[in-house]
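A.B. asks: Have a peek at coords_29.pdb (PDB, C-alpha atoms and all ligand atoms).
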```
ATOM      1  CA  MET A 884     317.493  26.618 -23.510  1.00  0.00           C
ATOM      2  CA  ALA A 885     317.136  24.541 -26.625  1.00  0.00           C
ATOM      3  CA  PHE A 886     314.759  25.593 -29.337  1.00  0.00           C
ATOM      4  CA  PHE A 887     312.153  23.291 -30.784  1.00  0.00           C
ATOM      5  CA  ARG A 888     312.750  20.322 -28.472  1.00  0.00           C
ATOM      6  CA  THR A 889     309.509  18.528 -27.796  1.00  0.00           C
ATOM      7  CA  ILE A 890     310.644  15.667 -25.552  1.00  0.00           C
ATOM      8  CA  ASN A 891     309.781  15.987 -21.863  1.00  0.00           C
ATOM      9  CA  PHE A 892     312.934  14.949 -19.996  1.00  0.00           C
ATOM     10  CA  ALA A 893     311.080  14.441 -16.738  1.00  0.00           C
ATOM     11  CA  GLU A 894     310.096  11.169 -18.476  1.00  0.00           C
ATOM     12  CA  PRO A 895     312.609   8.478 -19.427  1.00  0.00           C
ATOM     13  CA  LEU A 896     313.798   8.737 -23.006  1.00  0.00           C
ATOM     14  CA  PRO A 897     311.549   6.596 -25.163  1.00  0.00           C
ATOM     15  CA  ILE A 898     312.887   3.426 -26.682  1.00  0.00           C
ATOM     16  CA  ILE A 899     313.110   3.838 -30.439  1.00  0.00           C
ATOM     17  CA  GLU A 900     311.836   0.838 -32.342  1.00  0.00           C
ATOM     18  CA  GLY A 901     313.285  -0.171 -35.679  1.00  0.00           C
ATOM     19  CA  ASP A 902     313.066  -3.143 -37.994  1.00  0.00           C
ATOM     20  CA  GLY A 903     314.338  -5.981 -35.770  1.00  0.00           C
ATOM     21  CA  VAL A 904     316.233  -3.650 -33.422  1.00  0.00           C
ATOM     22  CA  VAL A 905     315.553  -1.188 -30.631  1.00  0.00           C
ATOM     23  CA  LEU A 906     317.645   1.839 -29.720  1.00  0.00           C
ATOM     24  CA  ARG A 907     317.833   2.603 -26.029  1.00  0.00           C
ATOM     25  CA  THR A 908     319.857   4.826 -23.724  1.00  0.00           C
ATOM     26  CA  PRO A 909     322.946   2.993 -22.379  1.00  0.00           C
ATOM     27  CA  GLN A 910     322.769   1.928 -18.721  1.00  0.00           C
ATOM     28  CA  MET A 911     325.377   0.605 -16.274  1.00  0.00           C
ATOM     29  CA  THR A 912     323.727  -2.818 -16.665  1.00  0.00           C
ATOM     30  CA  ASP A 913     325.001  -2.827 -20.291  1.00  0.00           C
ATOM     31  CA  PHE A 914     328.616  -2.645 -19.165  1.00  0.00           C
ATOM     32  CA  GLU A 915     329.670  -6.290 -19.330  1.00  0.00           C
ATOM     33  CA  GLU A 916     328.039  -7.039 -22.675  1.00  0.00           C
ATOM     34  CA  TRP A 917     329.208  -3.727 -24.139  1.00  0.00           C
ATOM     35  CA  ALA A 918     332.815  -4.207 -22.990  1.00  0.00           C
ATOM     36  CA  ALA A 919     332.927  -7.829 -24.187  1.00  0.00           C
ATOM     37  CA  LEU A 920     331.616  -6.855 -27.628  1.00  0.00           C
ATOM     38  CA  ARG A 921     334.025  -3.914 -27.932  1.00  0.00           C
ATOM     39  CA  GLU A 922     336.960  -6.116 -26.863  1.00  0.00           C
ATOM     40  CA  ALA A 923     336.028  -8.852 -29.340  1.00  0.00           C
ATOM     41  CA  SER A 924     335.702  -6.169 -32.062  1.00  0.00           C
ATOM     42  CA  ARG A 925     338.831  -4.183 -31.152  1.00  0.00           C
ATOM     43  CA  GLU A 926     340.865  -4.929 -34.289  1.00  0.00           C
ATOM     44  CA  PHE A 927     337.840  -4.367 -36.506  1.00  0.00           C
ATOM     45  CA  LEU A 928     336.806  -1.038 -34.949  1.00  0.00           C
ATOM     46  CA  THR A 929     340.024   0.758 -34.032  1.00  0.00           C
ATOM     47  CA  PRO A 930     341.065   1.756 -37.599  1.00  0.00           C
ATOM     48  CA  TRP A 931     337.824   3.770 -37.887  1.00  0.00           C
ATOM     49  CA  GLU A 932     337.517   5.358 -34.439  1.00  0.00           C
ATOM     50  CA  PRO A 933     339.319   7.904 -32.266  1.00  0.00           C
ATOM     51  CA  THR A 934     342.114   6.202 -30.293  1.00  0.00           C
ATOM     52  CA  TRP A 935     340.654   4.226 -27.389  1.00  0.00           C
ATOM     53  CA  PRO A 936     341.879   5.432 -23.973  1.00  0.00           C
ATOM     54  CA  VAL A 937     343.834   2.636 -22.230  1.00  0.00           C
ATOM     55  CA  ASP A 938     341.115   2.236 -19.594  1.00  0.00           C
ATOM     56  CA  ASP A 939     338.225   2.506 -22.084  1.00  0.00           C
ATOM     57  CA  LEU A 940     336.776  -0.934 -21.379  1.00  0.00           C
ATOM     58  CA  THR A 941     336.861  -0.629 -17.586  1.00  0.00           C
ATOM     59  CA  ARG A 942     333.756  -0.245 -15.446  1.00  0.00           C
ATOM     60  CA  ALA A 943     334.991   3.162 -14.171  1.00  0.00           C
ATOM     61  CA  ALA A 944     335.394   4.519 -17.703  1.00  0.00           C
ATOM     62  CA  PHE A 945     331.971   3.168 -18.667  1.00  0.00           C
ATOM     63  CA  ARG A 946     330.458   4.918 -15.634  1.00  0.00           C
ATOM     64  CA  ARG A 947     332.027   8.209 -16.813  1.00  0.00           C
ATOM     65  CA  ARG A 948     330.676   7.529 -20.298  1.00  0.00           C
ATOM     66  CA  ILE A 949     327.148   7.024 -18.934  1.00  0.00           C
ATOM     67  CA  LYS A 950     327.415  10.266 -16.947  1.00  0.00           C
ATOM     68  CA  ARG A 951     328.588  12.135 -20.044  1.00  0.00           C
ATOM     69  CA  TYR A 952     325.703  10.728 -22.060  1.00  0.00           C
ATOM     70  CA  ALA A 953     323.246  11.782 -19.341  1.00  0.00           C
ATOM     71  CA  GLU A 954     324.679  15.299 -19.331  1.00  0.00           C
ATOM     72  CA  ASP A 955     324.506  15.483 -23.148  1.00  0.00           C
ATOM     73  CA  LEU A 956     320.903  14.368 -22.978  1.00  0.00           C
ATOM     74  CA  ARG A 957     320.058  16.883 -20.233  1.00  0.00           C
ATOM     75  CA  THR A 958     321.593  19.733 -22.227  1.00  0.00           C
ATOM     76  CA  ASP A 959     320.178  18.539 -25.568  1.00  0.00           C
ATOM     77  CA  THR A 960     323.666  18.331 -27.070  1.00  0.00           C
ATOM     78  CA  GLY A 961     323.731  14.594 -27.821  1.00  0.00           C
ATOM     79  CA  TYR A 962     321.726  11.375 -27.742  1.00  0.00           C
ATOM     80  CA  ALA A 963     323.591   8.093 -27.366  1.00  0.00           C
ATOM     81  CA  PHE A 964     321.998   4.711 -27.913  1.00  0.00           C
ATOM     82  CA  VAL A 965     322.911   1.074 -27.715  1.00  0.00           C
ATOM     83  CA  ILE A 966     321.345  -1.080 -30.396  1.00  0.00           C
ATOM     84  CA  ALA A 967     319.671  -4.255 -29.150  1.00  0.00           C
ATOM     85  CA  ARG A 968     318.384  -7.053 -31.350  1.00  0.00           C
ATOM     86  CA  CYS A 969     314.667  -7.611 -30.788  1.00  0.00           C
ATOM     87  CA  ALA A 970     314.839 -11.399 -31.151  1.00  0.00           C
ATOM     88  CA  ASP A 971     317.030 -11.996 -28.094  1.00  0.00           C
ATOM     89  CA  GLY A 972     318.005  -8.601 -26.661  1.00  0.00           C
ATOM     90  CA  ALA A 973     321.652  -9.023 -27.744  1.00  0.00           C
ATOM     91  CA  LEU A 974     323.606  -5.782 -27.821  1.00  0.00           C
ATOM     92  CA  VAL A 975     324.829  -5.479 -31.419  1.00  0.00           C
ATOM     93  CA  GLY A 976     326.354  -1.984 -31.535  1.00  0.00           C
ATOM     94  CA  GLY A 977     325.968   1.701 -30.803  1.00  0.00           C
ATOM     95  CA  LEU A 978     324.619   4.798 -32.525  1.00  0.00           C
ATOM     96  CA  THR A 979     325.144   8.368 -31.348  1.00  0.00           C
ATOM     97  CA  LEU A 980     323.608  11.617 -32.452  1.00  0.00           C
ATOM     98  CA  ALA A 981     326.246  14.051 -31.232  1.00  0.00           C
ATOM     99  CA  ASN A 982     327.324  17.666 -31.425  1.00  0.00           C
ATOM    100  CA  ILE A 983     323.788  19.001 -31.705  1.00  0.00           C
ATOM    101  CA  ARG A 984     323.697  22.652 -32.688  1.00  0.00           C
ATOM    102  CA  ARG A 985     320.433  24.507 -32.151  1.00  0.00           C
ATOM    103  CA  GLY A 986     319.788  28.130 -33.164  1.00  0.00           C
ATOM    104  CA  VAL A 987     320.110  28.673 -36.896  1.00  0.00           C
ATOM    105  CA  ALA A 988     321.739  25.275 -37.550  1.00  0.00           C
ATOM    106  CA  GLN A 989     319.366  22.679 -35.960  1.00  0.00           C
ATOM    107  CA  ALA A 990     321.897  19.990 -36.911  1.00  0.00           C
ATOM    108  CA  GLY A 991     323.606  16.969 -35.394  1.00  0.00           C
ATOM    109  CA  SER A 992     326.245  14.384 -36.358  1.00  0.00           C
ATOM    110  CA  LEU A 993     325.921  10.607 -36.465  1.00  0.00           C
ATOM    111  CA  GLY A 994     328.509   8.174 -35.155  1.00  0.00           C
ATOM    112  CA  TYR A 995     328.031   4.400 -35.235  1.00  0.00           C
ATOM    113  CA  TRP A 996     329.629   1.009 -34.759  1.00  0.00           C
ATOM    114  CA  THR A 997     328.506  -2.589 -35.097  1.00  0.00           C
ATOM    115  CA  GLY A 998     330.186  -5.432 -33.182  1.00  0.00           C
ATOM    116  CA  LEU A 999     332.240  -7.679 -35.428  1.00  0.00           C
ATOM    117  CA  SER A1000     330.026 -10.736 -34.992  1.00  0.00           C
ATOM    118  CA  PHE A1001     326.968  -8.715 -36.095  1.00  0.00           C
ATOM    119  CA  VAL A1002     328.228  -6.846 -39.157  1.00  0.00           C
ATOM    120  CA  ARG A1003     326.536  -6.959 -42.533  1.00  0.00           C
ATOM    121  CA  LEU A1004     323.279  -8.260 -41.131  1.00  0.00           C
ATOM    122  CA  GLY A1005     321.375  -5.022 -41.708  1.00  0.00           C
ATOM    123  CA  TYR A1006     321.294  -3.930 -38.055  1.00  0.00           C
ATOM    124  CA  MET A1007     322.896  -0.518 -38.585  1.00  0.00           C
ATOM    125  CA  THR A1008     320.686   0.195 -41.579  1.00  0.00           C
ATOM    126  CA  ALA A1009     317.659  -0.537 -39.376  1.00  0.00           C
ATOM    127  CA  ALA A1010     319.085   1.573 -36.533  1.00  0.00           C
ATOM    128  CA  VAL A1011     319.797   4.633 -38.711  1.00  0.00           C
ATOM    129  CA  ARG A1012     316.381   4.341 -40.361  1.00  0.00           C
ATOM    130  CA  ALA A1013     314.814   4.349 -36.887  1.00  0.00           C
ATOM    131  CA  LEU A1014     316.893   7.295 -35.675  1.00  0.00           C
ATOM    132  CA  VAL A1015     316.072   9.584 -38.610  1.00  0.00           C
ATOM    133  CA  PRO A1016     312.382  10.172 -37.718  1.00  0.00           C
ATOM    134  CA  PHE A1017     313.364  10.630 -34.052  1.00  0.00           C
ATOM    135  CA  ALA A1018     315.886  13.301 -35.065  1.00  0.00           C
ATOM    136  CA  PHE A1019     313.591  15.092 -37.489  1.00  0.00           C
ATOM    137  CA  ASN A1020     310.184  14.700 -35.838  1.00  0.00           C
ATOM    138  CA  SER A1021     310.882  14.468 -32.091  1.00  0.00           C
ATOM    139  CA  LEU A1022     314.024  16.609 -31.888  1.00  0.00           C
ATOM    140  CA  ARG A1023     312.955  18.827 -34.802  1.00  0.00           C
ATOM    141  CA  LEU A1024     316.422  18.866 -36.309  1.00  0.00           C
ATOM    142  CA  HIS A1025     316.770  20.208 -39.818  1.00  0.00           C
ATOM    143  CA  ARG A1026     319.922  18.390 -40.816  1.00  0.00           C
ATOM    144  CA  LEU A1027     321.866  15.203 -40.011  1.00  0.00           C
ATOM    145  CA  GLU A1028     325.542  14.943 -40.840  1.00  0.00           C
ATOM    146  CA  ALA A1029     328.052  12.105 -40.968  1.00  0.00           C
ATOM    147  CA  ALA A1030     331.648  11.846 -42.070  1.00  0.00           C
ATOM    148  CA  CYS A1031     333.776   8.877 -43.017  1.00  0.00           C
ATOM    149  CA  ILE A1032     337.226   8.026 -44.279  1.00  0.00           C
ATOM    150  CA  PRO A1033     337.150   7.432 -48.065  1.00  0.00           C
ATOM    151  CA  SER A1034     338.316   3.812 -47.659  1.00  0.00           C
ATOM    152  CA  ASN A1035     335.454   2.953 -45.268  1.00  0.00           C
ATOM    153  CA  THR A1036     333.298   1.078 -47.774  1.00  0.00           C
ATOM    154  CA  GLY A1037     330.851  -0.197 -45.161  1.00  0.00           C
ATOM    155  CA  SER A1038     330.157   3.270 -43.788  1.00  0.00           C
ATOM    156  CA  ILE A1039     329.747   4.784 -47.265  1.00  0.00           C
ATOM    157  CA  LYS A1040     327.293   2.048 -48.276  1.00  0.00           C
ATOM    158  CA  LEU A1041     325.350   2.480 -45.055  1.00  0.00           C
ATOM    159  CA  LEU A1042     325.010   6.252 -45.501  1.00  0.00           C
ATOM    160  CA  GLU A1043     324.036   6.095 -49.160  1.00  0.00           C
ATOM    161  CA  LYS A1044     321.530   3.325 -48.419  1.00  0.00           C
ATOM    162  CA  THR A1045     319.883   5.414 -45.699  1.00  0.00           C
ATOM    163  CA  GLY A1046     319.391   8.546 -47.801  1.00  0.00           C
ATOM    164  CA  PHE A1047     322.502  10.568 -46.997  1.00  0.00           C
ATOM    165  CA  VAL A1048     323.972  12.611 -49.830  1.00  0.00           C
ATOM    166  CA  ARG A1049     327.676  13.121 -50.353  1.00  0.00           C
ATOM    167  CA  GLU A1050     328.299  16.837 -49.966  1.00  0.00           C
ATOM    168  CA  GLY A1051     331.990  17.331 -49.752  1.00  0.00           C
ATOM    169  CA  TYR A1052     335.477  16.433 -48.746  1.00  0.00           C
ATOM    170  CA  ALA A1053     337.252  17.817 -45.690  1.00  0.00           C
ATOM    171  CA  ARG A1054     341.012  17.557 -45.347  1.00  0.00           C
ATOM    172  CA  GLU A1055     342.360  16.192 -42.055  1.00  0.00           C
ATOM    173  CA  TYR A1056     338.830  16.507 -40.670  1.00  0.00           C
ATOM    174  CA  LEU A1057     339.059  14.164 -37.652  1.00  0.00           C
ATOM    175  CA  CYS A1058     341.832  12.480 -35.685  1.00  0.00           C
ATOM    176  CA  ILE A1059     341.056   8.797 -36.230  1.00  0.00           C
ATOM    177  CA  ASN A1060     343.239   6.037 -34.851  1.00  0.00           C
ATOM    178  CA  GLY A1061     345.794   8.688 -33.904  1.00  0.00           C
ATOM    179  CA  VAL A1062     346.095  10.300 -37.351  1.00  0.00           C
ATOM    180  CA  TRP A1063     344.396  13.401 -38.785  1.00  0.00           C
ATOM    181  CA  GLN A1064     342.477  11.916 -41.676  1.00  0.00           C
ATOM    182  CA  ASP A1065     340.619  13.319 -44.672  1.00  0.00           C
ATOM    183  CA  HIS A1066     336.875  12.572 -44.630  1.00  0.00           C
ATOM    184  CA  LEU A1067     333.939  12.432 -47.013  1.00  0.00           C
ATOM    185  CA  LEU A1068     331.091  14.585 -45.719  1.00  0.00           C
ATOM    186  CA  TYR A1069     327.492  13.389 -45.926  1.00  0.00           C
ATOM    187  CA  GLY A1070     324.226  15.105 -45.054  1.00  0.00           C
ATOM    188  CA  ARG A1071     320.548  14.382 -44.947  1.00  0.00           C
ATOM    189  CA  LEU A1072     317.903  17.105 -44.749  1.00  0.00           C
ATOM    190  CA  ASN A1073     314.530  17.141 -43.066  1.00  0.00           C
ATOM    191  CA  GLY A1074     312.171  17.758 -45.952  1.00  0.00           C
ATOM    192  CA  GLY A1075     313.333  19.530 -49.089  1.00  0.00           C
ATOM    193  CA  SER A1076     315.120  17.414 -51.666  1.00  0.00           C
ATOM    194  CA  ASP A1077     315.837  14.591 -49.195  1.00  0.00           C
ATOM    195  CA  TYR A1078     312.192  14.158 -48.236  1.00  0.00           C
ATOM    196  CA  GLY A1079     311.059  10.548 -48.391  1.00  0.00           C
ATOM    197  CA  LYS A1080     314.530   9.082 -48.893  1.00  0.00           C
ATOM    198  CA  ALA A1081     315.359   5.592 -47.629  1.00  0.00           C
TER     199      ALA A1081
HETATM  200  C1  LIG B1101     329.961   0.838 -40.914  1.00  0.00           C
HETATM  201  C2  LIG B1101     329.250  -0.176 -40.042  1.00  0.00           C
HETATM  202  C3  LIG B1101     328.645   0.532 -38.835  1.00  0.00           C
HETATM  203  C4  LIG B1101     328.134  -0.845 -40.849  1.00  0.00           C
HETATM  204  O1  LIG B1101     327.391  -1.637 -39.947  1.00  0.00           O
HETATM  205  P1  LIG B1101     326.552  -2.915 -40.417  1.00  0.00           P
HETATM  206  O2  LIG B1101     325.710  -3.323 -39.246  1.00  0.00           O
HETATM  207  O3  LIG B1101     327.459  -3.912 -41.002  1.00  0.00           O
HETATM  208  O4  LIG B1101     325.644  -2.273 -41.550  1.00  0.00           O
HETATM  209  P2  LIG B1101     324.525  -2.999 -42.430  1.00  0.00           P
HETATM  210  O5  LIG B1101     324.572  -4.489 -42.218  1.00  0.00           O
HETATM  211  O6  LIG B1101     323.247  -2.297 -42.186  1.00  0.00           O
HETATM  212  O7  LIG B1101     325.069  -2.730 -43.909  1.00  0.00           O
HETATM  213  C5  LIG B1101     324.827  -1.545 -44.630  1.00  0.00           C
HETATM  214  C6  LIG B1101     325.299  -1.767 -46.050  1.00  0.00           C
HETATM  215  O8  LIG B1101     326.716  -1.707 -46.081  1.00  0.00           O
HETATM  216  C7  LIG B1101     327.249  -2.900 -46.636  1.00  0.00           C
HETATM  217  N1  LIG B1101     328.507  -3.181 -45.979  1.00  0.00           N
HETATM  218  C8  LIG B1101     328.739  -3.263 -44.643  1.00  0.00           C
HETATM  219  N2  LIG B1101     330.030  -3.499 -44.431  1.00  0.00           N
HETATM  220  C9  LIG B1101     330.621  -3.551 -45.635  1.00  0.00           C
HETATM  221  C10 LIG B1101     331.959  -3.765 -46.072  1.00  0.00           C
HETATM  222  N3  LIG B1101     332.947  -3.976 -45.188  1.00  0.00           N
HETATM  223  N4  LIG B1101     332.227  -3.754 -47.395  1.00  0.00           N
HETATM  224  C11 LIG B1101     331.241  -3.537 -48.290  1.00  0.00           C
HETATM  225  N5  LIG B1101     329.947  -3.324 -47.942  1.00  0.00           N
HETATM  226  C12 LIG B1101     329.652  -3.346 -46.639  1.00  0.00           C
HETATM  227  C13 LIG B1101     326.194  -3.944 -46.369  1.00  0.00           C
HETATM  228  O9  LIG B1101     326.320  -5.048 -47.220  1.00  0.00           O
HETATM  229  C14 LIG B1101     324.931  -3.141 -46.596  1.00  0.00           C
HETATM  230  O10 LIG B1101     324.656  -2.963 -47.975  1.00  0.00           O
HETATM  231  P3  LIG B1101     323.638  -3.966 -48.766  1.00  0.00           P
HETATM  232  O11 LIG B1101     322.366  -3.977 -47.981  1.00  0.00           O
HETATM  233  O12 LIG B1101     323.509  -3.326 -50.087  1.00  0.00           O
HETATM  234  O13 LIG B1101     324.289  -5.293 -48.776  1.00  0.00           O
HETATM  235  C15 LIG B1101     330.218  -1.298 -39.558  1.00  0.00           C
HETATM  236  O14 LIG B1101     330.862  -1.851 -40.671  1.00  0.00           O
HETATM  237  C16 LIG B1101     331.256  -0.806 -38.557  1.00  0.00           C
HETATM  238  O15 LIG B1101     330.993  -0.749 -37.366  1.00  0.00           O
HETATM  239  N6  LIG B1101     332.455  -0.469 -39.059  1.00  0.00           N
HETATM  240  C17 LIG B1101     333.562  -0.114 -38.197  1.00  0.00           C
HETATM  241  C18 LIG B1101     333.339   1.185 -37.456  1.00  0.00           C
HETATM  242  C19 LIG B1101     333.002   2.309 -38.392  1.00  0.00           C
HETATM  243  O16 LIG B1101     333.349   2.298 -39.556  1.00  0.00           O
HETATM  244  N7  LIG B1101     332.303   3.315 -37.877  1.00  0.00           N
HETATM  245  C20 LIG B1101     331.891   4.460 -38.658  1.00  0.00           C
HETATM  246  C21 LIG B1101     332.984   5.444 -38.849  1.00  0.00           C
HETATM  247  S1  LIG B1101     332.502   6.699 -40.007  1.00  0.00           S
END
```
Please express the file's structure as structure tokens.
Ligand SMILES: CC(C)(COP(=O)(O)OP(=O)(O)OC[C@H]1O[C@@H](n2cnc3c(N)ncnc32)[C@H](O)[C@@H]1OP(=O)(O)O)[C@@H](O)C(=O)NCCC(=O)NCCS
C.D. replies:
Amino acid sequence: MAFFRTINFAEPLPIIEGDGVVLRTPQMTDFEEWAALREASREFLTPWEPTWPVDDLTRAAFRRRIKRYAEDLRTDTGYAFVIARCADGALVGGLTLANIRRGVAQAGSLGYWTGLSFVRLGYMTAAVRALVPFAFNSLRLHRLEAACIPSNTGSIKLLEKTGFVREGYAREYLCINGVWQDHLLYGRLNGGSDYGKA
């Protein structure tokens, strides 16, 4: 049983509203738009992500993904969202709060991607800014973490713009694009010295 969770999961997960975007739980009805955006963004995304399984963009794999997300949600271990643009409902990317540790940690890790045709338009900044109060106030987490490869300028700018503080450097931290790669470690705290940050 998770500690401190206040959401009632008999109810559907609330849609999180941000500045020009909404975050909502992925559904099977997102499959075609999601797969088309991922395919169109393949070359842009793959250098920064774990290796895509060969069947990753198939309907069957997406169904497994949705089931995994539902299980993570049920067990309070992760919360996955698609990001939709308010103006027209277009799916612009994804944001996941994963690997939630309760007990004495009360922490979770962010993962994110924006489709190539939507980058540098402020959507991920808006999405992360919307997720932070959900994580701290609704889920009562104490700490958010994120990690990125030192050459990932976009990710570094995003994290620093949204109040994350660089805390360290971990050698061969994650296997990205098939290679164990060093990562910069970022964190943001609920309250304390990070209170009121962007
Ligand atoms: C990192 C990523 C999610 C940023 O998404 P985004 O929707 O473009 O983010 P925003 O538009 O909110 O931009 C945030 C800031 O980063 C800057 N930025 C984004 N991409 C950049 C790039 N390639 N080079 C330099 N700055 C960049 C933006 O200009 C903005 O700063 P500003 O407001 O001062 O101009 C996106 O580039 C992406 O999906 N990258 C590939 C996958 C990835 O890296 N995932 C994360 C792994 S750790």
A.B. asks: Rounded to one decimal, what separation in Å do you get between CA of Leu1067 in chain A and CA of Ser1000 in chain A?
C.D. replies: 26.4 Å
A.B. asks: Between A:Asp1077, A:Asp939, A:Glu1043, A:Glu900, which residue has the minimum interatomic distance to ligand LIG 1101 (chain B), considering only C-alpha atoms and all ligand atoms?
C.D. replies: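 Ranking A:Asp1077, A:Asp939, A:Glu1043, A:Glu900 by distance to ligand LIG 1101 (chain B), first place goes to A:Glu1043.
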A.B. asks: Using the chain letters and numbers from the file, which residues does the PyMOL selection byres (((not hetatm)) within 9 of (chain B and resi 1101)) grab, as a PyMOL selection string?
C.D. replies: chain A and resi 924+927-932+975-978+993-999+1001-1011+1029-1032+1035-1045+1066
A.B. asks: Quick one: of A:Val904, A:Leu1014, A:Leu940, A:Ala923, who's nearest to Ala963 in chain A, counting all atoms listed in the file?
C.D. replies: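 When distances to Ala963 in chain A are compared using all atoms listed in the file, the smallest one comes from A:Leu1014.
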A.B. asks: Please evaluate the PyMOL selection byres (((chain A and resi 1052) around 12) and not hetatm) against the structure above and give the resulting residues as a list in words.
C.D. replies: Ala1029, Ala1030, Cys1031, Ile1032, Pro1033, Arg1049, Glu1050, Gly1051, Ala1053, Arg1054, Glu1055, Tyr1056, Leu1057, Gln1064, Asp1065, His1066, Leu1067, Leu1068, Tyr1069 and Gly1070 of chain A
A.B. asks: Centre and edge lengths, as AutoDock Vina command-line options, for the axis-aligned box enclosing every listed atom of range 991-1007 of chain A with 6 Å of padding on each of the six sides, in Å to one decimal?
C.D. replies:
```
--center_x 326.8 --center_y 3.1 --center_z -37.9 --size_x 22.9 --size_y 39.7 --size_z 21.4
```
A.B. asks: Would you mind telling me which residue in A:Ala943, A:Ser1034, A:Ile898, A:Leu974 lies nearest to Asp913 in chain A when using all atoms listed in the file?
C.D. replies: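 Going through A:Ala943, A:Ser1034, A:Ile898, A:Leu974 one by one, the smallest distance to Asp913 in chain A is for A:Leu974.
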A.B. asks: If I take CA of Ala919 in chain A and CA of Gly903 in chain A, how far is one from the other in Å, to one decimal?
C.D. replies: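 Here the two named atoms are 22.0 Å from each other.
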A.B. asks: Just give me the gap between CA of Phe964 in chain A and CA of Leu1072 in chain A in Å, one decimal is fine.
C.D. replies: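 Calculated distance between CA of Phe964 in chain A and CA of Leu1072 in chain A is 21.3 Å.
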A.B. asks: Running the PyMOL selection byres (((chain A and resi 933) around 7) and not hetatm) on this model by hand, what would come out? Give it as a PyMOL selection string.
C.D. replies: chain A and resi 932+934-935+1058-1061
A.B. asks: Pick from A:Gln989, A:Asn1020, A:Thr908, A:Asn982: nearest to Tyr952 in chain A, with only C-alpha atoms counted?
C.D. replies: A:Thr908
A.B. asks: Rank nothing, just name the residue among A:Gly1074, A:Pro1016, A:Pro909, A:Gly901 nearest to Lys950 in chain A, using all atoms listed in the file.
C.D. replies: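 Of A:Gly1074, A:Pro1016, A:Pro909, A:Gly901, the one nearest Lys950 in chain A, counting all atoms listed in the file, is A:Pro909.
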A.B. asks: Neighbouring residues of Arg1071 in chain A were defined as those with any atom within 7 Å, considering only C-alpha atoms; residues of the same chain fewer than 3 positions away were excluded. Please report them as a PyMOL selection string.
C.D. replies: chain A and resi 1026-1028+1046-1048+1077
A.B. asks: Using all atoms listed in the file, which protein or nucleic acid residues come within 9 Å of Met911 in chain A? Drop anything in the same chain fewer than 4 positions from it, and give the result as a ChimeraX atom specification.
C.D. replies: /A:915,942,945-946,949
